[in-house]
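Source file: start-v8.cif. Holds: mmCIF, C-alpha atoms.
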```cif
data_entry
#
loop_
_atom_site.label_atom_id
_atom_site.label_comp_id
_atom_site.auth_asym_id
_atom_site.auth_seq_id
_atom_site.Cartn_x
_atom_site.Cartn_y
_atom_site.Cartn_z
CA MET A 1 0.00 0.00 0.00
CA SER A 2 1.45 3.39 -0.93
CA LEU A 3 0.45 6.19 1.42
CA THR A 4 0.14 9.96 1.43
CA LEU A 5 0.21 12.00 4.62
CA ARG A 6 -1.43 15.41 4.93
CA THR A 7 -2.98 17.83 7.39
CA ILE A 8 -6.71 17.15 7.83
CA SER A 9 -9.62 19.10 9.32
CA ARG A 10 -10.93 18.36 12.78
CA GLU A 11 -14.17 17.11 11.19
CA GLN A 12 -12.27 14.58 9.07
CA HIS A 13 -10.23 13.56 12.11
CA LEU A 14 -13.31 13.08 14.31
CA ALA A 15 -15.16 11.15 11.59
CA TYR A 16 -12.19 8.78 11.31
CA ILE A 17 -12.02 8.21 15.10
CA GLN A 18 -15.78 7.57 15.17
CA SER A 19 -15.40 4.90 12.48
CA LEU A 20 -13.08 2.85 14.75
CA PRO A 21 -13.99 0.42 17.57
CA ALA A 22 -11.89 2.61 19.93
CA ALA A 23 -8.92 4.97 20.18
CA SER A 24 -7.11 6.78 22.98
CA HIS A 25 -8.92 9.79 24.45
CA MET A 26 -5.66 11.69 23.82
CA GLN A 27 -6.04 11.16 20.08
CA VAL A 28 -9.47 12.77 19.64
CA PRO A 29 -9.35 16.26 18.08
CA ALA A 30 -10.87 17.91 21.18
CA TRP A 31 -7.84 16.82 23.26
CA ALA A 32 -6.01 19.70 21.52
CA ASP A 33 -8.40 22.13 23.28
CA VAL A 34 -7.71 20.47 26.63
CA LYS A 35 -3.98 21.02 26.07
CA ALA A 36 -4.48 24.70 25.25
CA GLU A 37 -0.82 25.60 25.93
CA TRP A 38 0.31 23.48 22.96
CA ARG A 39 -0.19 24.22 19.28
CA SER A 40 -1.90 21.30 17.54
CA GLU A 41 -2.45 19.68 14.16
CA SER A 42 -4.49 16.73 12.87
CA LEU A 43 -2.71 14.44 10.42
CA GLY A 44 -4.30 11.90 8.10
CA TRP A 45 -2.81 8.96 6.19
CA PHE A 46 -4.47 8.17 2.86
CA ASP A 47 -4.31 5.03 0.70
CA ASP A 48 -3.16 6.25 -2.73
CA ARG A 49 -5.15 3.57 -4.55
CA THR A 50 -8.55 4.30 -3.02
CA GLY A 51 -8.06 7.80 -1.61
CA GLU A 52 -9.50 6.47 1.66
CA MET A 53 -8.22 7.69 5.04
CA VAL A 54 -6.51 4.78 6.82
CA GLY A 55 -4.89 6.49 9.81
CA ALA A 56 -4.92 9.69 11.88
CA GLY A 57 -2.81 11.40 14.48
CA LEU A 58 -3.19 14.34 16.85
CA VAL A 59 0.13 16.19 17.12
CA LEU A 60 0.77 18.63 19.96
CA TYR A 61 3.61 21.13 19.43
CA ARG A 62 5.43 22.62 22.43
CA GLN A 63 7.74 25.52 21.66
CA LEU A 64 11.24 25.62 23.13
CA PRO A 65 11.84 28.73 25.26
CA LYS A 66 13.26 31.61 23.16
CA ILE A 67 13.49 29.77 19.80
CA LYS A 68 10.97 28.85 17.12
CA ARG A 69 11.55 25.11 17.34
CA TYR A 70 9.10 22.56 18.71
CA LEU A 71 8.78 19.26 20.46
CA ALA A 72 6.12 17.33 18.50
CA TYR A 73 4.17 14.93 20.71
CA LEU A 74 1.59 12.31 19.73
CA PRO A 75 0.20 11.04 23.08
CA GLU A 76 -0.92 7.38 22.81
CA GLY A 77 -0.75 7.74 19.04
CA PRO A 78 -0.75 7.98 16.11
CA VAL A 79 -3.79 5.82 15.30
CA ILE A 80 -2.37 3.76 12.45
CA ASN A 81 -1.89 0.11 11.52
CA TRP A 82 1.09 -0.57 13.79
CA TYR A 83 1.38 -4.15 12.57
CA ALA A 84 1.69 -3.13 8.90
CA PRO A 85 4.69 -4.85 7.28
CA ASN A 86 5.68 -1.47 5.78
CA LEU A 87 5.73 0.52 9.04
CA ASP A 88 8.46 2.70 7.48
CA ASP A 89 5.98 4.01 4.90
CA TRP A 90 3.73 5.22 7.70
CA ILE A 91 6.38 6.75 9.96
CA GLN A 92 8.88 8.36 7.54
CA PRO A 93 6.39 10.79 5.91
CA MET A 94 5.29 11.80 9.41
CA LEU A 95 8.86 12.60 10.46
CA ALA A 96 9.45 14.57 7.24
CA HIS A 97 6.25 16.54 7.80
CA LEU A 98 7.01 17.29 11.46
CA LYS A 99 10.53 18.44 10.59
CA GLN A 100 9.00 20.81 8.02
CA GLN A 101 6.75 22.17 10.79
CA GLY A 102 9.84 23.12 12.83
CA ALA A 103 10.00 20.12 15.16
CA PHE A 104 13.45 19.33 16.59
CA SER A 105 12.25 16.14 18.32
CA VAL A 106 9.24 13.81 18.08
CA LYS A 107 7.72 11.82 20.95
CA MET A 108 4.98 9.23 20.36
CA GLY A 109 3.28 6.44 22.30
CA PRO A 110 2.30 3.51 20.07
CA PRO A 111 -1.03 2.13 21.40
CA VAL A 112 0.40 -1.38 21.21
CA ILE A 113 0.17 -3.84 24.13
CA ILE A 114 3.08 -6.26 24.60
CA ARG A 115 2.08 -8.31 27.64
CA ARG A 116 -0.84 -8.94 29.97
CA TRP A 117 -0.88 -10.47 33.46
CA ASN A 118 -4.08 -11.79 35.04
CA ALA A 119 -5.05 -10.81 38.59
CA GLU A 120 -4.32 -14.34 39.92
CA THR A 121 -0.79 -14.26 38.50
CA ILE A 122 -0.13 -10.85 40.07
CA LYS A 123 -1.46 -11.98 43.47
CA LYS A 124 0.93 -14.93 43.43
CA GLY A 125 3.73 -12.55 42.48
CA ILE A 126 2.95 -10.24 45.41
CA GLN A 127 3.23 -13.22 47.79
CA ASP A 128 6.58 -14.33 46.32
CA PRO A 129 9.51 -12.53 48.04
CA ASP A 130 11.70 -13.05 44.94
CA VAL A 131 9.28 -11.15 42.71
CA LYS A 132 9.82 -7.39 42.81
CA ARG A 133 8.28 -6.26 39.50
CA LEU A 134 5.64 -7.34 36.99
CA ARG A 135 8.44 -8.16 34.56
CA ASP A 136 9.71 -10.83 36.97
CA LEU A 137 6.46 -12.72 36.39
CA GLU A 138 5.71 -14.85 33.39
CA ALA A 139 2.99 -13.02 31.43
CA ASP A 140 -0.34 -14.75 30.73
CA PHE A 141 -0.41 -13.21 27.27
CA ILE A 142 2.40 -12.04 24.99
CA GLU A 143 1.95 -10.27 21.64
CA PRO A 144 4.92 -11.33 19.46
CA ARG A 145 4.09 -8.69 16.81
CA ALA A 146 4.69 -5.96 19.42
CA PHE A 147 8.37 -6.98 19.64
CA GLU A 148 8.62 -6.67 15.86
CA VAL A 149 7.21 -3.14 16.09
CA ALA A 150 9.85 -2.26 18.72
CA ASP A 151 12.63 -3.72 16.53
CA LYS A 152 11.44 -1.75 13.49
CA LEU A 153 11.33 1.49 15.49
CA ARG A 154 14.87 0.94 16.80
CA ARG A 155 16.14 0.28 13.29
CA MET A 156 14.53 3.55 12.13
CA GLY A 157 16.44 5.42 14.84
CA TRP A 158 13.73 5.81 17.49
CA GLN A 159 14.96 5.72 21.10
CA GLN A 160 13.50 4.87 24.48
CA GLY A 161 14.27 6.28 27.94
CA GLU A 162 17.08 4.78 29.99
CA ASP A 163 14.73 2.79 32.21
CA GLY A 164 13.15 1.18 29.15
CA GLY A 165 9.93 2.86 30.23
CA ALA A 166 9.62 0.95 33.53
CA GLY A 167 7.01 2.51 35.76
CA PHE A 168 6.33 6.21 35.39
CA GLY A 169 9.42 7.06 33.29
CA ASP A 170 7.18 8.02 30.39
CA VAL A 171 4.82 10.97 30.22
CA GLN A 172 1.90 8.51 29.87
CA PRO A 173 1.83 5.32 31.96
CA ARG A 174 3.45 2.31 30.34
CA TYR A 175 1.59 -0.08 32.65
CA VAL A 176 -2.19 0.14 33.03
CA TYR A 177 -4.89 -1.94 34.68
CA GLN A 178 -7.89 -3.03 32.62
CA VAL A 179 -11.07 -5.00 33.22
CA PRO A 180 -12.13 -6.74 29.98
CA LEU A 181 -15.90 -6.61 29.40
CA ALA A 182 -16.34 -8.11 25.93
CA ASN A 183 -18.23 -11.43 25.87
CA ARG A 184 -18.68 -11.45 29.66
CA SER A 185 -21.76 -11.05 31.81
CA LEU A 186 -21.84 -8.50 34.63
CA GLU A 187 -22.27 -11.39 37.09
CA GLU A 188 -19.04 -12.87 35.80
CA VAL A 189 -17.21 -9.54 36.17
CA HIS A 190 -18.53 -9.17 39.74
CA LYS A 191 -17.58 -12.76 40.59
CA ASN A 192 -14.03 -12.00 39.47
CA PHE A 193 -13.64 -9.24 42.07
CA ASN A 194 -11.70 -10.40 45.11
CA GLN A 195 -13.49 -11.05 48.38
CA LEU A 196 -12.53 -7.71 49.87
CA TRP A 197 -13.97 -5.77 46.92
CA ARG A 198 -17.22 -7.72 46.99
CA ARG A 199 -17.46 -7.22 50.75
CA ASN A 200 -16.79 -3.49 50.41
CA ILE A 201 -19.42 -3.06 47.69
CA LYS A 202 -21.94 -4.81 49.95
CA LYS A 203 -20.88 -2.70 52.93
CA ALA A 204 -21.41 0.53 50.94
CA GLU A 205 -24.85 -0.65 49.80
CA LYS A 206 -25.85 -1.53 53.36
CA ALA A 207 -24.66 1.83 54.66
CA GLY A 208 -26.79 3.59 52.03
CA VAL A 209 -23.97 5.04 49.91
CA GLU A 210 -25.46 6.41 46.69
CA VAL A 211 -23.52 7.06 43.49
CA VAL A 212 -24.72 9.92 41.29
CA GLN A 213 -23.60 11.59 38.08
CA GLY A 214 -22.66 15.26 38.19
CA GLY A 215 -22.34 17.97 35.55
CA TYR A 216 -20.24 21.04 34.75
CA GLN A 217 -21.79 22.90 37.71
CA ASP A 218 -20.41 20.22 40.09
CA LEU A 219 -16.76 20.59 39.06
CA ALA A 220 -16.06 22.93 42.00
CA GLU A 221 -17.18 20.17 44.37
CA TRP A 222 -14.99 17.72 42.43
CA GLN A 223 -12.07 20.14 42.89
CA ARG A 224 -12.63 20.29 46.66
CA LEU A 225 -12.26 16.49 46.96
CA TYR A 226 -9.38 16.41 44.46
CA GLU A 227 -7.39 19.00 46.43
CA ILE A 228 -7.91 17.05 49.67
CA THR A 229 -6.51 14.00 47.81
CA ALA A 230 -3.53 16.00 46.53
CA VAL A 231 -2.53 17.05 50.05
CA ARG A 232 -2.91 13.48 51.35
CA ASP A 233 -1.03 11.83 48.46
CA HIS A 234 1.61 14.58 47.98
CA PHE A 235 1.03 15.59 44.37
CA ARG A 236 0.45 18.95 42.73
CA PRO A 237 -3.22 19.23 41.73
CA ARG A 238 -4.39 20.61 38.40
CA PRO A 239 -6.46 23.79 38.71
CA LEU A 240 -10.26 23.81 38.46
CA SER A 241 -9.95 25.64 35.11
CA TYR A 242 -8.25 22.53 33.63
CA PHE A 243 -11.24 20.29 34.41
CA GLN A 244 -13.70 22.95 33.24
CA ARG A 245 -11.81 23.20 29.95
CA MET A 246 -11.67 19.42 29.68
CA TRP A 247 -15.42 19.09 30.27
CA THR A 248 -16.31 21.81 27.77
CA ALA A 249 -13.89 20.65 25.06
CA LEU A 250 -14.63 16.93 25.23
CA ASN A 251 -18.40 17.16 25.68
CA THR A 252 -18.76 19.74 22.92
CA GLU A 253 -17.13 17.22 20.59
CA ASP A 254 -19.31 14.37 21.85
CA PRO A 255 -21.91 14.89 24.62
CA ASN A 256 -20.98 11.53 26.15
CA ARG A 257 -17.18 11.88 26.06
CA MET A 258 -16.66 12.82 29.73
CA ARG A 259 -18.67 12.02 32.85
CA LEU A 260 -18.38 12.97 36.50
CA TYR A 261 -19.41 10.68 39.38
CA PHE A 262 -19.84 11.24 43.12
CA ALA A 263 -20.30 8.68 45.89
CA ARG A 264 -22.23 10.24 48.76
CA HIS A 265 -23.37 9.20 52.21
CA ASN A 266 -26.05 11.09 54.19
CA GLY A 267 -25.91 13.83 51.55
CA VAL A 268 -22.13 14.35 51.86
CA ASN A 269 -19.86 13.67 48.86
CA LEU A 270 -17.06 11.35 49.96
CA SER A 271 -15.41 10.42 46.68
CA ALA A 272 -15.51 11.46 43.04
CA ALA A 273 -14.15 10.37 39.67
CA THR A 274 -14.04 11.44 36.05
CA MET A 275 -14.76 8.95 33.28
CA LEU A 276 -13.81 9.22 29.59
CA ILE A 277 -15.44 7.34 26.71
CA VAL A 278 -14.15 6.79 23.17
CA GLY A 279 -16.01 4.07 21.29
CA GLY A 280 -15.76 0.80 23.22
CA HIS A 281 -12.93 2.00 25.47
CA VAL A 282 -13.90 3.57 28.82
CA TRP A 283 -11.36 5.07 31.24
CA TYR A 284 -11.53 5.88 34.91
CA SER A 285 -9.46 9.01 34.47
CA TYR A 286 -9.07 11.03 37.70
CA GLY A 287 -10.11 9.99 41.19
CA ALA A 288 -10.55 11.92 44.44
CA SER A 289 -11.75 11.20 47.97
CA ASP A 290 -12.20 12.88 51.32
CA ASN A 291 -10.34 11.84 54.46
CA ILE A 292 -13.65 11.08 56.16
CA GLY A 293 -16.24 8.37 55.60
CA ARG A 294 -13.82 5.74 54.36
CA GLU A 295 -15.45 3.07 56.50
CA VAL A 296 -18.56 3.10 54.24
CA ARG A 297 -16.36 2.25 51.21
CA PRO A 298 -17.47 4.99 48.80
CA SER A 299 -14.67 4.35 46.27
CA ASN A 300 -15.61 0.68 45.77
CA ALA A 301 -19.27 1.63 45.32
CA MET A 302 -18.35 4.29 42.78
CA GLN A 303 -16.09 2.00 40.74
CA TRP A 304 -18.76 -0.68 40.62
CA ARG A 305 -21.33 1.83 39.36
CA MET A 306 -18.90 3.21 36.74
CA LEU A 307 -18.07 -0.28 35.58
CA ARG A 308 -21.76 -1.15 35.24
CA ASP A 309 -22.37 2.05 33.29
CA ALA A 310 -19.43 1.27 31.00
CA TYR A 311 -20.93 -2.18 30.45
CA ALA A 312 -24.35 -0.65 29.64
CA LEU A 313 -22.64 1.57 27.05
CA GLY A 314 -21.39 -1.59 25.31
CA ALA A 315 -17.75 -1.00 26.31
CA THR A 316 -15.27 -3.79 25.61
CA VAL A 317 -12.82 -2.61 28.27
CA TYR A 318 -12.96 -0.62 31.51
CA ASP A 319 -9.54 0.97 31.92
CA LEU A 320 -8.32 1.94 35.40
CA ARG A 321 -5.30 3.69 33.84
CA GLY A 322 -1.80 3.79 35.26
CA ILE A 323 -0.08 1.51 37.73
CA SER A 324 3.57 1.15 38.62
CA ASP A 325 5.17 -2.18 37.76
CA SER A 326 6.38 -2.57 41.35
CA LEU A 327 5.05 -5.53 43.35
CA ASP A 328 7.07 -4.57 46.40
CA GLU A 329 4.77 -3.84 49.36
CA THR A 330 7.17 -1.20 50.70
CA ASP A 331 6.95 0.82 47.45
CA HIS A 332 4.78 3.96 47.83
CA LEU A 333 3.01 3.13 44.54
CA PHE A 334 2.14 -0.41 45.60
CA GLY A 335 -1.28 0.58 47.00
CA LEU A 336 -2.36 1.57 43.48
CA ILE A 337 -1.87 -1.89 41.97
CA GLN A 338 -3.24 -3.56 45.11
CA PHE A 339 -6.53 -1.60 44.84
CA LYS A 340 -6.88 -2.25 41.10
CA VAL A 341 -5.99 -5.98 41.24
CA GLY A 342 -9.07 -6.39 43.45
CA THR A 343 -11.26 -5.87 40.36
CA GLY A 344 -10.05 -9.11 38.76
CA GLY A 345 -8.94 -7.76 35.39
CA GLN A 346 -5.42 -7.63 33.99
CA ALA A 347 -2.30 -5.53 34.07
CA ALA A 348 -1.24 -4.56 30.56
CA GLU A 349 2.14 -3.31 29.38
CA TYR A 350 2.28 -0.94 26.42
CA LEU A 351 5.30 -0.47 24.17
CA GLY A 352 5.99 2.78 26.02
CA GLU A 353 6.94 6.15 24.58
CA TRP A 354 9.58 6.65 21.90
CA ASP A 355 11.64 9.66 20.87
CA PHE A 356 13.11 10.60 17.52
CA PRO A 357 15.68 13.42 17.69
CA LEU A 358 15.42 15.40 14.43
CA ASN A 359 18.05 17.78 15.81
CA LYS A 360 20.35 15.89 18.19
CA LEU A 361 21.76 19.01 19.85
CA LEU A 362 18.38 20.53 20.72
CA HIS A 363 17.05 17.11 21.73
CA LYS A 364 19.96 16.73 24.17
CA ALA A 365 19.33 20.24 25.53
CA LEU A 366 15.69 19.36 26.14
CA ASP A 367 16.74 16.13 27.93
CA ILE A 368 18.98 18.11 30.26
CA TYR A 369 16.28 20.72 30.85
CA MET A 370 13.65 18.05 31.65
CA SER A 371 15.96 16.17 34.04
CA ARG A 372 16.53 19.36 36.07
CA ARG A 373 12.82 20.18 36.51
#
```

Once you've parsed the file, please lay out its structure as structure tokens.
Amino acid sequence: MSLTLRTISREQHLAYIQSLPAASHMQVPAWADVKAEWRSESLGWFDDRTGEMVGAGLVLYRQLPKIKRYLAYLPEGPVINWYAPNLDDWIQPMLAHLKQQGAFSVKMGPPVIIRRWNAETIKKGIQDPDVKRLRDLEADFIEPRAFEVADKLRRMGWQQGEDGGAGFGDVQPRYVYQVPLANRSLEEVHKNFNQLWRRNIKKAEKAGVEVVQGGYQDLAEWQRLYEITAVRDHFRPRPLSYFQRMWTALNTEDPNRMRLYFARHNGVNLSAATMLIVGGHVWYSYGASDNIGREVRPSNAMQWRMLRDAYALGATVYDLRGISDSLDETDHLFGLIQFKVGTGGQAAEYLGEWDFPLNKLLHKALDIYMSRR
């Protein structure tokens, strides 16, 4: 197949995404409005024989301080046929185009999964003192074609971070936790939860925890819970304006792209979460909770409701997003995987993010700048 790459309109881009079973929420055109501090462009790949669009990518351009050169970033993209035998013919025109646009370096995150580990396997790993990381465990599923993609990228001159993307080395998480929903009944999904999760869901029900959906007007209440979480978990919270922009941008593009949930007890909101929907892929995106009311298990109740809603939407996967690959109970990120493993589901490892330095000197300067931040 010979291909042509060109800039496309947002309408063309959205129509292409809507024609697919799923794509990353960071590859929909409206994501450019969420990332307002970046310049953006939609790219389309066309089959020369038929003139049909066969791939798309959202590129975000970040300008280097003081000079008119850019880092070009395709988060969890581009959306192309990664297993095509002629991967070169997809990637090279993109690099040429981005160089023309003034990019000195390109970063992308192929949406390609290499390995999956089932919850049972991970639980055994946690109990084994010799196992420190997911990688130490034999995977339940391996995608051999993913290794071919990695080899092709290396041969083209793409590079990966020093840690090979382990943990949170990338901008986007390399390891995520997913609950597959395709061809399963809700009873089966619920049965796959561990005992503690099932008990906690029951406890929340008994205590009268109710889970409700909120709207734009409730984002200030979301922010209150989110900032409590930030203090407790020692991270810098995004401002309320970010979530307002996200809501407006994503739901203008598709009224069902972003949802907001609250779990409340006796009229008090105890936890909250945002949910994103693109085709059959549903993400639990941001989570927040108060320091009070934990004994009524609001977070378990909320996840169960979100999962059921995802199922009702016909989703094939409920994605709990990032985890660290550490199975060491003393690691501060361990609680994250422990909570998510309780849903049954699987840990999945993506190919991670890759860099292509178009200008080696500027790329090196950026590396140094980023490492000092």

For this session: For the file shown, report as an NGL selection string the outcome of the PyMOL selection byres ((chain A and resi 264-266) around 10) at residue level.
Result: :A and (204 or 207-212 or 261-263 or 267-272 or 293 or 296-299 or 301-302)

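Nearest-residue note for Glu148 of chain A: choosing from A:Tyr369, A:Tyr83, A:Phe193, A:Trp117, the minimum distance belongs to A:Tyr83, counting only C-alpha atoms.
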
Report as CSV: every residue of segment 151-270 of chain A with an atom at most 12 Å from segment 357-368 of chain A, its closest pair of atoms, and their distance in Å to one decimal, counting all atoms listed in the file, with rows sorted by chain and ascending residue number.
```
residue,atom,partner,partner_atom,distance
A:Met156,CA,A:Pro357,CA,11.4
A:Gly157,CA,A:Pro357,CA,8.5
A:Trp158,CA,A:Pro357,CA,7.9
A:Gln159,CA,A:Pro357,CA,8.5
A:Gln160,CA,A:Pro357,CA,11.1
A:Gly161,CA,A:Asp367,CA,10.2
A:Glu162,CA,A:Asp367,CA,11.5
```

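Nearest-residue note for Glu76 of chain A: choosing from A:Trp45, A:Trp31, A:Phe334, A:Phe104, the minimum distance belongs to A:Trp31, counting all atoms listed in the file.
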
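The gap separating atom CA of Asp89 of chain A from atom CA of Ser2 of chain A is 7.4 Å, in Å to one decimal.
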
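Between Gln12 of chain A and the candidates A:Ile113, A:Met53, A:Leu219, A:Leu225, the tightest atom-to-atom separation, counting only C-alpha atoms, involves A:Met53.
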
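If you measure from each of A:Val112, A:Ile323, A:Val59, A:Leu137 to Gln178 of chain A using only C-alpha atoms, the closest one turns out to be A:Ile323.
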
For this session: Translate the PyMOL selection byres ((chain A and resi 223) around 12), as applied to the file shown, into an explicit residue set as a ChimeraX atom specification.
Result: /A:216-222,224-230,237-244,260,262,269,271-274,286-290

Quick one: write out the picked residues with C-alpha atoms as a JSON list (two decimals), in the frame of the given file?
```json
[["chain", "number", "residue", "atom", "x", "y", "z"],
["A", 216, "TYR", "CA", -20.24, 21.04, 34.75],
["A", 217, "GLN", "CA", -21.79, 22.90, 37.71],
["A", 218, "ASP", "CA", -20.41, 20.22, 40.09],
["A", 219, "LEU", "CA", -16.76, 20.59, 39.06],
["A", 220, "ALA", "CA", -16.06, 22.93, 42.00],
["A", 221, "GLU", "CA", -17.18, 20.17, 44.37],
["A", 222, "TRP", "CA", -14.99, 17.72, 42.43],
["A", 224, "ARG", "CA", -12.63, 20.29, 46.66],
["A", 225, "LEU", "CA", -12.26, 16.49, 46.96],
["A", 226, "TYR", "CA", -9.38, 16.41, 44.46],
["A", 227, "GLU", "CA", -7.39, 19.00, 46.43],
["A", 228, "ILE", "CA", -7.91, 17.05, 49.67],
["A", 229, "THR", "CA", -6.51, 14.00, 47.81],
["A", 230, "ALA", "CA", -3.53, 16.00, 46.53],
["A", 237, "PRO", "CA", -3.22, 19.23, 41.73],
["A", 238, "ARG", "CA", -4.39, 20.61, 38.40],
["A", 239, "PRO", "CA", -6.46, 23.79, 38.71],
["A", 240, "LEU", "CA", -10.26, 23.81, 38.46],
["A", 241, "SER", "CA", -9.95, 25.64, 35.11],
["A", 242, "TYR", "CA", -8.25, 22.53, 33.63],
["A", 243, "PHE", "CA", -11.24, 20.29, 34.41],
["A", 244, "GLN", "CA", -13.70, 22.95, 33.24],
["A", 260, "LEU", "CA", -18.38, 12.97, 36.50],
["A", 262, "PHE", "CA", -19.84, 11.24, 43.12],
["A", 269, "ASN", "CA", -19.86, 13.67, 48.86],
["A", 271, "SER", "CA", -15.41, 10.42, 46.68],
["A", 272, "ALA", "CA", -15.51, 11.46, 43.04],
["A", 273, "ALA", "CA", -14.15, 10.37, 39.67],
["A", 274, "THR", "CA", -14.04, 11.44, 36.05],
["A", 286, "TYR", "CA", -9.07, 11.03, 37.70],
["A", 287, "GLY", "CA", -10.11, 9.99, 41.19],
["A", 288, "ALA", "CA", -10.55, 11.92, 44.44],
["A", 289, "SER", "CA", -11.75, 11.20, 47.97],
["A", 290, "ASP", "CA", -12.20, 12.88, 51.32]]
```

For this session: Could you state which residues are captured by the PyMOL selection byres ((chain A and resi 190) around 12) in this file, as a PyMOL selection string?
Result: chain A and resi 179-181+184-189+191-199+201-202+300+303-305+307-308+311+342-345

For this session: Using only C-alpha atoms, pick whichever of A:Gly279, A:Pro255, A:Pro85, A:Pro75 has the shortest atom-to-atom distance to Lys35 of chain A.
Result: A:Pro75

For this session: Scan for residues within 8 Å of the point (1.9, 29.5, 24.1) in the coordinates of the file, using all atoms listed in the file, and reply as a ChimeraX atom specification.
Result: /A:37-39,62-63

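Atom pair atom CA of Asp309 of chain A / atom CA of Gln213 of chain A: separated by 10.7 Å.
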
Exercise. Counting all atoms listed in the file, which residues come within 9 Å of (3.2, -0.1, 30.6), with the point read in the file's coordinates, and could you list them as number ranges by chain?
Worked result: A: 113-115, 165-168, 172-176, 322-325, 347-352

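Across A:Arg69, A:Asp355, A:Pro144, A:Thr7, the tightest approach to Met108 of chain A is made by A:Asp355 when counting only C-alpha atoms.
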
Problem set entry | For atom CA of Val282 of chain A and atom CA of Tyr177 of chain A, the interatomic separation in Å (one decimal) | 12.1 Å

For this session: Do a neighbour search on Gly280 of chain A at 12 Å with all atoms listed in the file, toss out local chain neighbours closer than 2 positions, and write the hits as an MDAnalysis selection string.
Result: chainID A and resid 17:25 180:182 257 276:278 282:283 310:319
